[in-house]
>>> print(open('input_20.cif').read())   # mmCIF, C-alpha atoms
data_my_file
loop_
_atom_site.label_atom_id
_atom_site.label_comp_id
_atom_site.auth_asym_id
_atom_site.auth_seq_id
_atom_site.Cartn_x
_atom_site.Cartn_y
_atom_site.Cartn_z
CA MET A 1 0.00 0.00 0.00
CA PRO A 2 1.70 3.24 -1.12
CA THR A 3 1.75 6.37 1.02
CA GLU A 4 1.19 9.92 -0.23
CA THR A 5 4.92 10.13 -0.95
CA GLY A 6 4.81 6.99 -3.08
CA ALA A 7 6.63 4.76 -0.57
CA GLU A 8 5.06 1.46 0.41
CA THR A 9 3.35 1.28 3.80
CA ILE A 10 4.56 -1.63 5.94
CA ARG A 11 1.57 -3.39 7.52
CA VAL A 12 2.44 -4.64 11.01
CA LEU A 13 0.79 -7.13 13.39
CA LEU A 14 1.58 -6.74 17.11
CA VAL A 15 1.58 -9.75 19.42
CA ASP A 16 2.12 -9.27 23.17
CA ASP A 17 0.09 -10.57 26.11
CA HIS A 18 0.10 -7.17 27.83
CA GLN A 19 -2.52 -4.85 26.36
CA VAL A 20 -0.80 -1.72 27.69
CA VAL A 21 2.44 -2.76 25.96
CA ARG A 22 0.59 -3.37 22.69
CA GLN A 23 -1.14 -0.01 22.87
CA GLY A 24 2.12 1.77 23.59
CA LEU A 25 3.90 -0.01 20.74
CA ALA A 26 1.04 0.72 18.37
CA GLN A 27 1.31 4.41 19.14
CA LEU A 28 5.10 4.45 18.81
CA LEU A 29 5.10 2.50 15.56
CA GLY A 30 2.26 4.60 14.22
CA ASP A 31 4.53 7.61 14.54
CA GLY A 32 7.03 5.95 12.22
CA VAL A 33 6.87 7.03 8.59
CA GLY A 34 5.41 4.35 6.31
CA ILE A 35 4.29 1.95 9.05
CA SER A 36 0.72 0.98 9.91
CA VAL A 37 -0.39 -1.35 12.72
CA VAL A 38 -3.23 -3.38 11.20
CA GLY A 39 -3.87 -5.98 13.91
CA GLN A 40 -3.08 -7.04 17.47
CA ALA A 41 -3.15 -10.29 19.46
CA GLY A 42 -2.33 -11.38 23.00
CA THR A 43 -1.59 -15.11 22.59
CA GLY A 44 0.26 -17.36 20.19
CA GLU A 45 -2.95 -19.04 19.06
CA ALA A 46 -4.57 -15.67 18.37
CA ALA A 47 -1.43 -14.57 16.51
CA LEU A 48 -1.65 -17.52 14.13
CA ALA A 49 -5.34 -16.82 13.51
CA LEU A 50 -4.60 -13.15 12.93
CA ALA A 51 -1.88 -14.03 10.43
CA GLN A 52 -4.44 -15.94 8.39
CA SER A 53 -7.23 -13.36 8.58
CA THR A 54 -5.37 -10.05 8.28
CA PRO A 55 -3.14 -9.15 5.32
CA ALA A 56 0.16 -7.89 6.71
CA ASP A 57 3.88 -7.75 5.99
CA VAL A 58 5.60 -8.02 9.39
CA MET A 59 4.66 -9.53 12.75
CA VAL A 60 6.27 -8.03 15.86
CA LEU A 61 6.10 -10.97 18.24
CA ASP A 62 6.84 -11.23 21.96
CA TYR A 63 8.90 -14.31 22.85
CA SER A 64 7.09 -15.10 26.12
CA LEU A 65 3.36 -15.64 25.57
CA PRO A 66 0.87 -17.31 27.93
CA ASP A 67 0.18 -20.30 25.66
CA VAL A 68 3.19 -20.88 23.37
CA ASN A 69 6.46 -19.02 22.95
CA GLY A 70 7.30 -16.77 20.04
CA ALA A 71 9.76 -19.26 18.56
CA LYS A 72 7.00 -21.83 18.24
CA VAL A 73 4.67 -19.28 16.63
CA ALA A 74 7.39 -18.37 14.11
CA SER A 75 7.98 -22.04 13.38
CA GLN A 76 4.28 -22.66 12.80
CA LEU A 77 4.04 -19.65 10.48
CA ARG A 78 6.83 -21.13 8.39
CA ARG A 79 5.13 -24.53 8.29
CA ASP A 80 1.91 -22.81 7.21
CA GLY A 81 3.77 -21.20 4.34
CA SER A 82 3.17 -17.67 5.62
CA ALA A 83 5.12 -14.90 3.92
CA LEU A 84 5.01 -12.78 7.07
CA ARG A 85 8.37 -11.53 8.23
CA VAL A 86 8.82 -12.02 11.98
CA VAL A 87 10.52 -9.67 14.44
CA ILE A 88 10.93 -11.16 17.92
CA LEU A 89 10.64 -8.47 20.60
CA THR A 90 11.57 -9.67 24.08
CA VAL A 91 13.01 -8.88 27.50
CA HIS A 92 15.51 -11.74 27.04
CA ASP A 93 18.91 -10.15 26.47
CA ASN A 94 20.53 -13.50 25.77
CA VAL A 95 22.28 -14.99 22.75
CA HIS A 96 20.63 -18.37 23.22
CA TYR A 97 17.17 -16.88 22.75
CA VAL A 98 18.37 -15.24 19.53
CA LEU A 99 19.63 -18.55 18.18
CA ARG A 100 16.42 -20.37 19.13
CA ALA A 101 14.26 -17.69 17.53
CA MET A 102 16.28 -17.57 14.32
CA ASP A 103 16.40 -21.35 14.04
CA ALA A 104 12.61 -21.36 14.35
CA GLY A 105 12.21 -18.98 11.43
CA ALA A 106 12.29 -15.48 12.94
CA ASP A 107 13.94 -12.79 10.81
CA ALA A 108 14.92 -10.32 13.53
CA PHE A 109 15.51 -10.17 17.27
CA VAL A 110 15.09 -6.94 19.26
CA VAL A 111 15.31 -6.48 23.03
CA LYS A 112 12.53 -4.46 24.68
CA SER A 113 15.03 -2.18 26.37
CA ASP A 114 16.37 -1.14 22.94
CA SER A 115 15.20 2.18 21.52
CA VAL A 116 12.10 2.35 19.33
CA GLU A 117 14.45 3.34 16.50
CA GLU A 118 16.03 -0.13 16.72
CA LEU A 119 12.61 -1.75 16.38
CA LEU A 120 11.72 0.46 13.42
CA ARG A 121 15.07 -0.37 11.82
CA ALA A 122 14.41 -4.10 12.30
CA ILE A 123 10.92 -3.85 10.78
CA ARG A 124 12.19 -1.99 7.73
CA ARG A 125 15.16 -4.33 7.31
CA VAL A 126 13.11 -7.53 7.32
CA HIS A 127 10.46 -6.00 5.07
CA VAL A 128 13.02 -5.74 2.26
CA GLY A 129 14.23 -9.30 2.84
CA GLY A 130 17.03 -8.73 5.33
CA SER A 131 17.59 -9.88 8.89
CA TYR A 132 18.41 -7.98 12.06
CA VAL A 133 19.77 -8.66 15.53
CA SER A 134 19.92 -6.15 18.38
CA PRO A 135 23.39 -4.53 18.25
CA ARG A 136 24.10 -5.53 21.85
CA LEU A 137 23.78 -9.19 20.85
CA ALA A 138 24.97 -9.25 17.25
CA GLU A 139 28.66 -9.76 18.06
CA LYS A 140 27.89 -12.53 20.56
CA VAL A 141 25.72 -14.30 17.99
CA GLU A 142 28.44 -14.08 15.35
CA HIS A 143 31.06 -15.36 17.81
CA HIS A 144 28.81 -18.24 18.88
CA GLN A 145 28.08 -19.28 15.30
CA ARG A 146 31.76 -19.16 14.33
CA GLY A 147 32.90 -21.21 17.29
CA PRO A 148 33.34 -24.99 17.20
CA LYS A 149 30.22 -26.88 18.25
CA GLY A 150 32.18 -28.66 20.94
CA HIS A 151 32.96 -25.36 22.66
CA HIS A 152 29.33 -24.40 23.14
CA VAL A 153 27.70 -24.78 26.53
CA GLY A 154 25.48 -27.64 25.38
CA LEU A 155 22.31 -25.76 24.48
CA ASP A 156 22.87 -26.44 20.78
CA LYS A 157 22.17 -30.09 21.50
CA LEU A 158 18.62 -29.41 22.70
CA SER A 159 15.52 -29.48 20.54
CA GLN A 160 13.07 -26.57 20.69
CA ARG A 161 10.79 -28.50 23.06
CA GLU A 162 13.67 -29.56 25.31
CA PHE A 163 14.85 -25.95 25.46
CA GLU A 164 11.35 -24.80 26.38
CA LEU A 165 11.15 -27.37 29.18
CA LEU A 166 14.55 -26.19 30.43
CA ARG A 167 13.27 -22.59 30.51
CA LEU A 168 10.12 -23.52 32.41
CA THR A 169 12.00 -25.77 34.84
CA ALA A 170 14.30 -22.85 35.66
CA ARG A 171 11.22 -20.95 36.83
CA GLY A 172 10.72 -23.60 39.51
CA LEU A 173 7.66 -25.16 37.88
CA SER A 174 6.79 -28.79 38.49
CA LEU A 175 6.83 -31.29 35.64
CA GLN A 176 3.02 -31.25 35.63
CA GLU A 177 2.95 -27.46 35.37
CA CYS A 178 5.52 -27.52 32.58
CA ALA A 179 3.45 -30.07 30.69
CA GLN A 180 0.31 -27.95 31.02
CA LEU A 181 2.03 -24.82 29.71
CA MET A 182 3.60 -26.75 26.83
CA GLN A 183 0.25 -28.40 26.07
CA ILE A 184 1.69 -31.91 26.22
CA THR A 185 1.18 -34.90 28.51
CA GLU A 186 3.20 -35.25 31.68
CA SER A 187 4.67 -38.45 30.23
CA THR A 188 5.94 -36.58 27.16
CA ALA A 189 7.36 -33.84 29.38
CA SER A 190 9.15 -36.51 31.39
CA THR A 191 10.67 -37.86 28.17
CA TYR A 192 11.88 -34.38 27.18
CA ARG A 193 13.37 -33.91 30.64
CA ALA A 194 15.22 -37.23 30.45
CA ARG A 195 16.59 -36.33 27.02
CA LEU A 196 17.79 -32.86 28.01
CA MET A 197 19.42 -34.19 31.18
CA SER A 198 21.18 -36.86 29.12
CA LYS A 199 22.38 -34.34 26.54
CA LEU A 200 23.62 -31.96 29.23
CA GLU A 201 25.09 -34.84 31.26
CA MET A 202 23.07 -34.07 34.39
CA THR A 203 21.48 -36.34 36.93
CA ASN A 204 18.95 -34.22 38.83
CA THR A 205 16.62 -31.24 38.51
CA ALA A 206 18.77 -29.04 40.76
CA GLN A 207 21.62 -29.30 38.27
CA VAL A 208 19.24 -28.40 35.44
CA ILE A 209 17.99 -25.31 37.27
CA ARG A 210 21.52 -24.19 38.13
CA PHE A 211 22.65 -24.64 34.52
CA ALA A 212 19.67 -22.62 33.24
CA LEU A 213 20.28 -19.80 35.69
CA GLU A 214 24.00 -19.66 34.93
CA ASN A 215 23.26 -19.36 31.22
CA GLY A 216 20.45 -16.85 31.59
CA ILE A 217 17.76 -19.25 30.41
CA THR A 218 14.90 -17.85 32.45
CA SER A 219 11.72 -15.91 31.75
#
>>> encode(input="input_20.cif", output="structure tokens")
Amino acid sequence: MPTETGAETIRVLLVDDHQVVRQGLAQLLGDGVGISVVGQAGTGEAALALAQSTPADVMVLDYSLPDVNGAKVASQLRRDGSALRVVILTVHDNVHYVLRAMDAGADAFVVKSDSVEELLRAIRRVHVGGSYVSPRLAEKVEHHQRGPKGHHVGLDKLSQREFELLRLTARGLSLQECAQLMQITESTASTYRARLMSKLEMTNTAQVIRFALENGITS
């Protein structure tokens, strides 16, 4: 959709479980030249429905949602064949979240404490087919990707679901609570836990929690 100046308007979907945050972002993005917020959602499920019902170019997506995380939403959008470009916007200032999000199909990663100019830059970059990572994390991501796999802390070995269980376990949630939030059976959650403990060479939940905290894998 062209603007009065002839430039194309970037249609944006906002996904965050806090209405006040969404409203604030909508106002800030609306002040940006050539950007229009055309839809909002508060859960991952609603985000996927919105993506199907509302024509848009970019989805600004919170990582931590009440039903599923942003990485899973991005992954599902890719499986659905959606052309939406995805910008993850999160409080998690951590390289491992960047890698998880990008592996899932996100195109950009911006930290909520970054300036609104960084978010606008990310939206515009992905809209023309590029990618973007918050400057405070870009060097760490590059260093991590260049380094030998054997020198990584072990998180690369985990699947998306195992990583999610690790994150929830670090919050002190029981296996049953983790299973409910992940929308899987407790038996399946137990299998994921056994796998992640085996991959990380750990023998008890206390070690898992300590590892997660030391590596900033919390929410």
>>> residues_near_point(input="input_20.cif", point="(18.4, -25.8, 20.5)", cutoff="10 Å", atoms="only C-alpha atoms", output="list in words")
His96, Tyr97, Leu99, Arg100, Ala101, Asp103, Ala104, Gly154, Leu155, Asp156, Lys157, Leu158, Ser159, Gln160, Arg161, Glu162, Phe163 and Glu164 of chain A
>>> atom_distance(input="input_20.cif", atom1="CA of Val98 in chain A", atom2="CA of Asp31 in chain A")
27.2 Å
>>> residues_around(input="input_20.cif", residues="Pro55 in chain A", least_positions_apart="5", cutoff="12 Å", atoms="only C-alpha atoms", output="MDAnalysis selection string")
chainID A and resid 1 10:13 36:39 49:50 82:84
>>> residues_around(input="input_20.cif", residues="Val60 in chain A", least_positions_apart="3", cutoff="9 Å", atoms="only C-alpha atoms", output="list in words")
Val12, Leu13, Leu14, Val15, Asp16, Arg85, Val86, Val87, Ile88, Leu89, Leu119 and Ile123 of chain A
>>> atom_distance(input="input_20.cif", atom1="CA of Asn69 in chain A", atom2="CA of Met182 in chain A")
9.1 Å
>>> closest_residue(input="input_20.cif", among="A:Leu196, A:Val21, A:Ala122, A:Val91", to="Met59 in chain A", atoms="only C-alpha atoms")
A:Ala122
>>> closest_residue(input="input_20.cif", among="A:Val110, A:Val95, A:Leu61, A:Val126", to="Val141 in chain A", atoms="only C-alpha atoms")
A:Val95
>>> atom_distance(input="input_20.cif", atom1="CA of Ala47 in chain A", atom2="CA of Leu25 in chain A")
16.1 Å
>>> resolve_selection(input="input_20.cif", expression="the PyMOL selection byres ((chain A and resi 92-94) around 12)", output="number ranges by chain")
A: 62-64, 70, 88-91, 95-101, 109-114, 133-141, 144, 167, 212-219
>>> resolve_selection(input="input_20.cif", expression="the PyMOL selection byres ((chain A and resi 181) around 9)", output="number ranges by chain")
A: 66-68, 168, 176-180, 182-184
>>> closest_residue(input="input_20.cif", among="A:Gly105, A:Gly30, A:Gly42, A:Gly130", to="Leu65 in chain A", atoms="only C-alpha atoms")
A:Gly42
>>> closest_residue(input="input_20.cif", among="A:Ser198, A:Gln76, A:Leu166, A:Leu28", to="Glu117 in chain A", atoms="only C-alpha atoms")
A:Leu28
>>> axis_aligned_box(input="input_20.cif", around="range 126-142 of chain A", padding_each_side="3 Å", output="JSON")
{"center_x": 19.6, "center_y": -9.4, "center_z": 12.1, "size_x": 24.2, "size_y": 15.8, "size_z": 25.6}
>>> closest_residue(input="input_20.cif", among="A:Glu118, A:Tyr192, A:Val208, A:Gly129", to="Gly32 in chain A", atoms="all atoms listed in the file")
A:Glu118
